[in-house]
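The structure under discussion appears below in the form of structure tokens.
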Amino acid sequence: MTLHTAIVKTEENKISSEEAKKFILSEQNGAESIFVGRVRNENSGKEVTAVTYDVHDQAVIKSFQSICSDAKSKFDKNASIFLEHAKGYVSVGEISILIAVSSAHRDEAFKICRYILEEIKHKSPIWKKEHYIEGNEQWLPGYSLRPKEEIK
Amino acid sequence: MQIQLKLYGSSKMLSDKEILNIELPNNSNIETLRSTLNKIISEKCLKNNLENLSKTAAFFSATDEVVNDNYKLKNKELISIIPPIGGG
């Protein structure tokens with residue numbers, strides 16, 4: 001098996017980079033690229049304490065599998081990919097997304113990792129609500145999936 | 001007719017529940033749903049927070065496919081509202 005995708009409910013589990021490293025380990029792949037996204041403590045001048053991620057589970061898994069499959073077709077069909085995204089409350093410093101890729105060569109490993117991240121931001125139905133130190137919260141703007149020709 | 005709107009992201013400000021039941025005229029389509037949604041946003045005084053939601057949201061059918069504005073809604077159909085996304 002060379003592809004693992006999952007949504008990790010934060011009240012039940014944590015995203016583990018050790019699991020990811022084990023999963024992508026392969027004798028035929030000499031390069032590994034790992035992207036770890038964490039919640040940071042500031043956004044647009046506001047002090048952030050946590051982010052709540054909302055996820056359309058079925059559509060996200062479908063999009064993850066399609067994106068990873070496209071990435072393999074484009075860059076390296078023998079690549080191994082581990083992709084997990086958090087769902088629920090994630091405190092500052094904790095992992096929100098982890099993409100781990102092993103490939104025959106470094107260029108493909110980097111490219112696959114970058115490709116997956118950018119595609120997720122435009123295709124996977126995931127939303128962020130930031131929680132601020134003052135106690136207020138805000139859903140962040142994002143990329144519309146409405147067909148462009150319909151937006152007047 | 002009535003549809004069930006499953007709420008995601010910022011649309012969760014519309015209700016404490018995961019699903020919002022919305023009354024619509026018979027033979028409504030997604031375009032009608034957008035107009036009705038606009039009225040609901042005004043009634044709930046959420047214009048400041050959700051001003052562009054009815055314009056920018058996409059809608060998924062029960063099979064998780066984006067449906068266009070001409071899509072005819074069925075009575076009791078479950079539709080997901082997909083506000084602009086931004087994971088990662």
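Going by the structure tokens order, chains are called A, B, ..., each with residues numbered from 1, while ligands are numbered from 1 in the order shown.
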
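Using only C-alpha atoms, the residues found no farther than 7 Å from B:Ile19, other than those of its own chain fewer than 5 positions away, are Gln4, Leu5, Lys6 and Leu7 of chain B.
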
Write the selection just made, keeping C-alpha atoms, as a PDB file, in the first residue's frame?
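As written to disk, selection_37.pdb reads:
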ATOM      1  CA  GLN B   4     -32.496  19.860   4.961  1.00  0.00           C
ATOM      2  CA  LEU B   5     -29.418  22.033   4.762  1.00  0.00           C
ATOM      3  CA  LYS B   6     -26.322  20.496   6.343  1.00  0.00           C
ATOM      4  CA  LEU B   7     -24.177  23.304   7.720  1.00  0.00           C
TER       5      LEU B   7
END

Exercise. So which residues touch A:Pro147 within 10 Å, counting only C-alpha atoms, skipping near sequence neighbours fewer than 5 positions away, as a ChimeraX atom specification?
Worked result: /B:56-58,66-69

Please identify all residues of chain A having at least one atom at most 7 Å from any atom of chain B, considering only C-alpha atoms, and return them as a PDB file with N, CA, C and O atoms, in the first residue's frame.
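Saved to iface.pdb:
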ATOM      1  N   GLY A  37       2.162  21.143   9.041  1.00  0.00           N
ATOM      2  CA  GLY A  37       1.509  22.422   9.283  1.00  0.00           C
ATOM      3  C   GLY A  37       1.026  22.482  10.724  1.00  0.00           C
ATOM      4  O   GLY A  37       0.390  21.537  11.202  1.00  0.00           O
ATOM      5  N   ASP A  54     -13.318  22.526  10.697  1.00  0.00           N
ATOM      6  CA  ASP A  54     -14.527  21.818  10.315  1.00  0.00           C
ATOM      7  C   ASP A  54     -14.254  21.135   8.977  1.00  0.00           C
ATOM      8  O   ASP A  54     -13.545  21.705   8.127  1.00  0.00           O
ATOM      9  N   ALA A  59     -16.367  14.121   1.448  1.00  0.00           N
ATOM     10  CA  ALA A  59     -15.841  14.878   0.308  1.00  0.00           C
ATOM     11  C   ALA A  59     -14.340  15.127   0.464  1.00  0.00           C
ATOM     12  O   ALA A  59     -13.606  15.152  -0.525  1.00  0.00           O
ATOM     13  N   SER A  96      -1.843  20.562  12.383  1.00  0.00           N
ATOM     14  CA  SER A  96      -3.140  20.590  11.699  1.00  0.00           C
ATOM     15  C   SER A  96      -3.121  19.723  10.441  1.00  0.00           C
ATOM     16  O   SER A  96      -4.138  19.161  10.046  1.00  0.00           O
ATOM     17  N   ILE A  97      -1.973  19.640   9.797  1.00  0.00           N
ATOM     18  CA  ILE A  97      -1.854  18.821   8.580  1.00  0.00           C
ATOM     19  C   ILE A  97      -0.456  18.238   8.494  1.00  0.00           C
ATOM     20  O   ILE A  97       0.518  18.893   8.900  1.00  0.00           O
ATOM     21  N   LEU A 117      -0.369  20.061  -1.039  1.00  0.00           N
ATOM     22  CA  LEU A 117      -0.775  21.140  -0.136  1.00  0.00           C
ATOM     23  C   LEU A 117      -1.580  22.211  -0.874  1.00  0.00           C
ATOM     24  O   LEU A 117      -2.647  22.636  -0.413  1.00  0.00           O
ATOM     25  N   ILE A 120      -5.084  20.949  -1.918  1.00  0.00           N
ATOM     26  CA  ILE A 120      -5.995  20.839  -0.769  1.00  0.00           C
ATOM     27  C   ILE A 120      -6.643  22.192  -0.490  1.00  0.00           C
ATOM     28  O   ILE A 120      -7.846  22.287  -0.247  1.00  0.00           O
ATOM     29  N   LYS A 121      -5.832  23.241  -0.542  1.00  0.00           N
ATOM     30  CA  LYS A 121      -6.357  24.575  -0.225  1.00  0.00           C
ATOM     31  C   LYS A 121      -7.444  25.006  -1.207  1.00  0.00           C
ATOM     32  O   LYS A 121      -8.280  25.843  -0.882  1.00  0.00           O
ATOM     33  N   PRO A 125     -12.987  20.462   1.050  1.00  0.00           N
ATOM     34  CA  PRO A 125     -13.873  21.254   1.907  1.00  0.00           C
ATOM     35  C   PRO A 125     -13.512  21.187   3.400  1.00  0.00           C
ATOM     36  O   PRO A 125     -14.014  20.357   4.158  1.00  0.00           O
ATOM     37  N   ILE A 126     -12.624  22.104   3.763  1.00  0.00           N
ATOM     38  CA  ILE A 126     -12.142  22.228   5.146  1.00  0.00           C
ATOM     39  C   ILE A 126     -12.239  23.713   5.502  1.00  0.00           C
ATOM     40  O   ILE A 126     -11.945  24.570   4.663  1.00  0.00           O
ATOM     41  N   TRP A 127     -12.657  23.977   6.745  1.00  0.00           N
ATOM     42  CA  TRP A 127     -12.817  25.379   7.168  1.00  0.00           C
ATOM     43  C   TRP A 127     -12.100  25.596   8.502  1.00  0.00           C
ATOM     44  O   TRP A 127     -12.017  24.685   9.332  1.00  0.00           O
ATOM     45  N   LYS A 128     -11.645  26.859   8.686  1.00  0.00           N
ATOM     46  CA  LYS A 128     -10.911  27.199   9.919  1.00  0.00           C
ATOM     47  C   LYS A 128     -11.661  28.263  10.697  1.00  0.00           C
ATOM     48  O   LYS A 128     -12.028  29.300  10.121  1.00  0.00           O
ATOM     49  N   TRP A 139     -14.602  32.777  11.733  1.00  0.00           N
ATOM     50  CA  TRP A 139     -14.377  31.874  10.597  1.00  0.00           C
ATOM     51  C   TRP A 139     -13.549  32.633   9.563  1.00  0.00           C
ATOM     52  O   TRP A 139     -13.841  33.793   9.260  1.00  0.00           O
ATOM     53  N   PRO A 141     -11.969  33.618   5.828  1.00  0.00           N
ATOM     54  CA  PRO A 141     -12.413  33.569   4.432  1.00  0.00           C
ATOM     55  C   PRO A 141     -11.634  32.498   3.667  1.00  0.00           C
ATOM     56  O   PRO A 141     -10.588  32.038   4.137  1.00  0.00           O
ATOM     57  N   GLY A 142     -12.119  32.135   2.489  1.00  0.00           N
ATOM     58  CA  GLY A 142     -11.428  31.094   1.735  1.00  0.00           C
ATOM     59  C   GLY A 142     -11.740  31.136   0.256  1.00  0.00           C
ATOM     60  O   GLY A 142     -12.119  32.183  -0.277  1.00  0.00           O
ATOM     61  N   TYR A 143     -11.584  29.987  -0.369  1.00  0.00           N
ATOM     62  CA  TYR A 143     -11.699  29.861  -1.828  1.00  0.00           C
ATOM     63  C   TYR A 143     -13.062  29.245  -2.163  1.00  0.00           C
ATOM     64  O   TYR A 143     -13.396  28.155  -1.678  1.00  0.00           O
ATOM     65  N   SER A 144     -13.833  29.959  -3.015  1.00  0.00           N
ATOM     66  CA  SER A 144     -15.182  29.486  -3.323  1.00  0.00           C
ATOM     67  C   SER A 144     -15.165  28.319  -4.308  1.00  0.00           C
ATOM     68  O   SER A 144     -14.468  28.368  -5.323  1.00  0.00           O
ATOM     69  N   LEU A 145     -15.952  27.292  -4.000  1.00  0.00           N
ATOM     70  CA  LEU A 145     -16.082  26.143  -4.913  1.00  0.00           C
ATOM     71  C   LEU A 145     -17.268  26.313  -5.862  1.00  0.00           C
ATOM     72  O   LEU A 145     -17.550  25.438  -6.671  1.00  0.00           O
ATOM     73  N   ARG A 146     -17.975  27.463  -5.733  1.00  0.00           N
ATOM     74  CA  ARG A 146     -19.099  27.698  -6.644  1.00  0.00           C
ATOM     75  C   ARG A 146     -18.558  27.868  -8.064  1.00  0.00           C
ATOM     76  O   ARG A 146     -17.561  28.589  -8.265  1.00  0.00           O
ATOM     77  N   ILE A 151     -20.972  33.073 -10.557  1.00  0.00           N
ATOM     78  CA  ILE A 151     -20.790  34.199  -9.632  1.00  0.00           C
ATOM     79  C   ILE A 151     -20.850  35.502 -10.420  1.00  0.00           C
ATOM     80  O   ILE A 151     -20.019  35.741 -11.297  1.00  0.00           O
TER      81      ILE A 151
END

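Interatomic distance, atom CA of B:Leu24 to atom CA of B:Gln2: 5.8 Å.
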
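Of the residues listed (B:Arg34, B:Asp16, B:Ile3, B:Cys45), B:Ile3 shows the shortest atom-to-atom separation from B:Ala62; distances use only C-alpha atoms.
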
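Among the candidates B:Thr36, B:Asn27, B:Ser15, B:Asn21, the one nearest to B:Asn70 when counting only C-alpha atoms is B:Asn27.
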
For this session: Write out as a PyMOL selection string which residues come within 10 Å of A:Glu119 when counting only C-alpha atoms, dropping same-chain ones fewer than 6 positions away.
Result: (chain A and resi 63-64+67-68+71) or (chain B and resi 88)

Just all heavy atoms for this one: save the residues we selected as a PDB file, in the first residue's frame.
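Generated output (selection_26.pdb):
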ATOM      1  N   SER A  63     -11.508  13.910  -2.062  1.00  0.00           N
ATOM      2  CA  SER A  63     -10.595  14.879  -2.688  1.00  0.00           C
ATOM      3  C   SER A  63      -9.133  14.520  -2.386  1.00  0.00           C
ATOM      4  O   SER A  63      -8.280  14.618  -3.261  1.00  0.00           O
ATOM      5  CB  SER A  63     -10.910  16.308  -2.231  1.00  0.00           C
ATOM      6  OG  SER A  63     -10.503  16.522  -0.905  1.00  0.00           O
ATOM      7  N   PHE A  64      -8.855  14.078  -1.161  1.00  0.00           N
ATOM      8  CA  PHE A  64      -7.477  13.688  -0.810  1.00  0.00           C
ATOM      9  C   PHE A  64      -6.985  12.568  -1.741  1.00  0.00           C
ATOM     10  O   PHE A  64      -5.871  12.598  -2.256  1.00  0.00           O
ATOM     11  CB  PHE A  64      -7.395  13.187   0.641  1.00  0.00           C
ATOM     12  CG  PHE A  64      -7.340  14.277   1.684  1.00  0.00           C
ATOM     13  CD1 PHE A  64      -7.438  15.608   1.341  1.00  0.00           C
ATOM     14  CD2 PHE A  64      -7.189  13.951   3.036  1.00  0.00           C
ATOM     15  CE1 PHE A  64      -7.384  16.608   2.316  1.00  0.00           C
ATOM     16  CE2 PHE A  64      -7.129  14.934   4.010  1.00  0.00           C
ATOM     17  CZ  PHE A  64      -7.228  16.257   3.651  1.00  0.00           C
ATOM     18  N   ILE A  67      -6.459  13.918  -5.285  1.00  0.00           N
ATOM     19  CA  ILE A  67      -5.277  14.790  -5.361  1.00  0.00           C
ATOM     20  C   ILE A  67      -3.986  13.948  -5.318  1.00  0.00           C
ATOM     21  O   ILE A  67      -3.068  14.161  -6.113  1.00  0.00           O
ATOM     22  CB  ILE A  67      -5.286  15.826  -4.201  1.00  0.00           C
ATOM     23  CG1 ILE A  67      -6.412  16.853  -4.408  1.00  0.00           C
ATOM     24  CG2 ILE A  67      -3.938  16.522  -4.065  1.00  0.00           C
ATOM     25  CD1 ILE A  67      -6.729  17.687  -3.176  1.00  0.00           C
ATOM     26  N   CYS A  68      -3.941  12.990  -4.400  1.00  0.00           N
ATOM     27  CA  CYS A  68      -2.728  12.162  -4.261  1.00  0.00           C
ATOM     28  C   CYS A  68      -2.521  11.291  -5.497  1.00  0.00           C
ATOM     29  O   CYS A  68      -1.385  11.097  -5.958  1.00  0.00           O
ATOM     30  CB  CYS A  68      -2.812  11.286  -3.006  1.00  0.00           C
ATOM     31  SG  CYS A  68      -2.739  12.245  -1.494  1.00  0.00           S
ATOM     32  N   ALA A  71      -1.159  13.472  -8.145  1.00  0.00           N
ATOM     33  CA  ALA A  71       0.248  13.792  -7.850  1.00  0.00           C
ATOM     34  C   ALA A  71       1.156  12.646  -8.280  1.00  0.00           C
ATOM     35  O   ALA A  71       2.219  12.869  -8.882  1.00  0.00           O
ATOM     36  CB  ALA A  71       0.423  14.082  -6.360  1.00  0.00           C
TER      37      ALA A  71
ATOM     38  N   GLY B  88      -5.591  23.231   5.513  1.00  0.00           N
ATOM     39  CA  GLY B  88      -4.139  23.163   5.474  1.00  0.00           C
ATOM     40  C   GLY B  88      -3.495  23.874   6.636  1.00  0.00           C
ATOM     41  O   GLY B  88      -4.148  24.331   7.526  1.00  0.00           O
TER      42      GLY B  88
END

For this session: Within stretch 52-140 of chain A, find each residue whose DSSP state, derived from the backbone, is strand (DSSP E), and express the selection as a count of residues only.
Result: 35

Exercise. Which residues come within 8 Å of B:Ile41, counting only C-alpha atoms, excluding same-chain residues fewer than 3 positions away, as a list in words?
Worked result: Leu14, Leu37, Asn38, Lys44, Cys45, Leu46, Lys47, Leu50 and Glu51 of chain B

Exercise. At what distance in Å, to one decimal, does atom CA of A:Arg38 lie from atom CA of A:Glu94?
Worked result: 5.3 Å

Exercise. Could you name the residues that touch A:Gln28 at 10 Å or less, counting only C-alpha atoms, but leaving out those on the same chain fewer than 3 positions away, as a VMD selection string?
Worked result: chain A and resid 25 31 78 to 79 102 to 105

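Among the candidates A:Ile95, A:Ala100, A:Ala50, A:Val60, the one nearest to A:Phe82 when counting only C-alpha atoms is A:Ala100.
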
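Across B:Ser54, B:Ser42, B:Asn75, B:Ser61, the tightest approach to B:Pro25 is made by B:Asn75 when counting only C-alpha atoms.
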
Problem set entry | DSSP alpha helix (DSSP H) residues within stretch 10-84 of chain A, as a PyMOL selection string | chain A and resi 17-24+57-75

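Our summary of the geometry notes that atom CA of A:Ile112 is positioned 10.6 Å from atom CA of A:Phe35.
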
Exercise. Counting only C-alpha atoms, what is within 10 Å of A:Phe23, bar same-chain residues fewer than 5 positions away, as a ChimeraX atom specification?
Worked result: /A:1-4,17-18,80-82,100-102
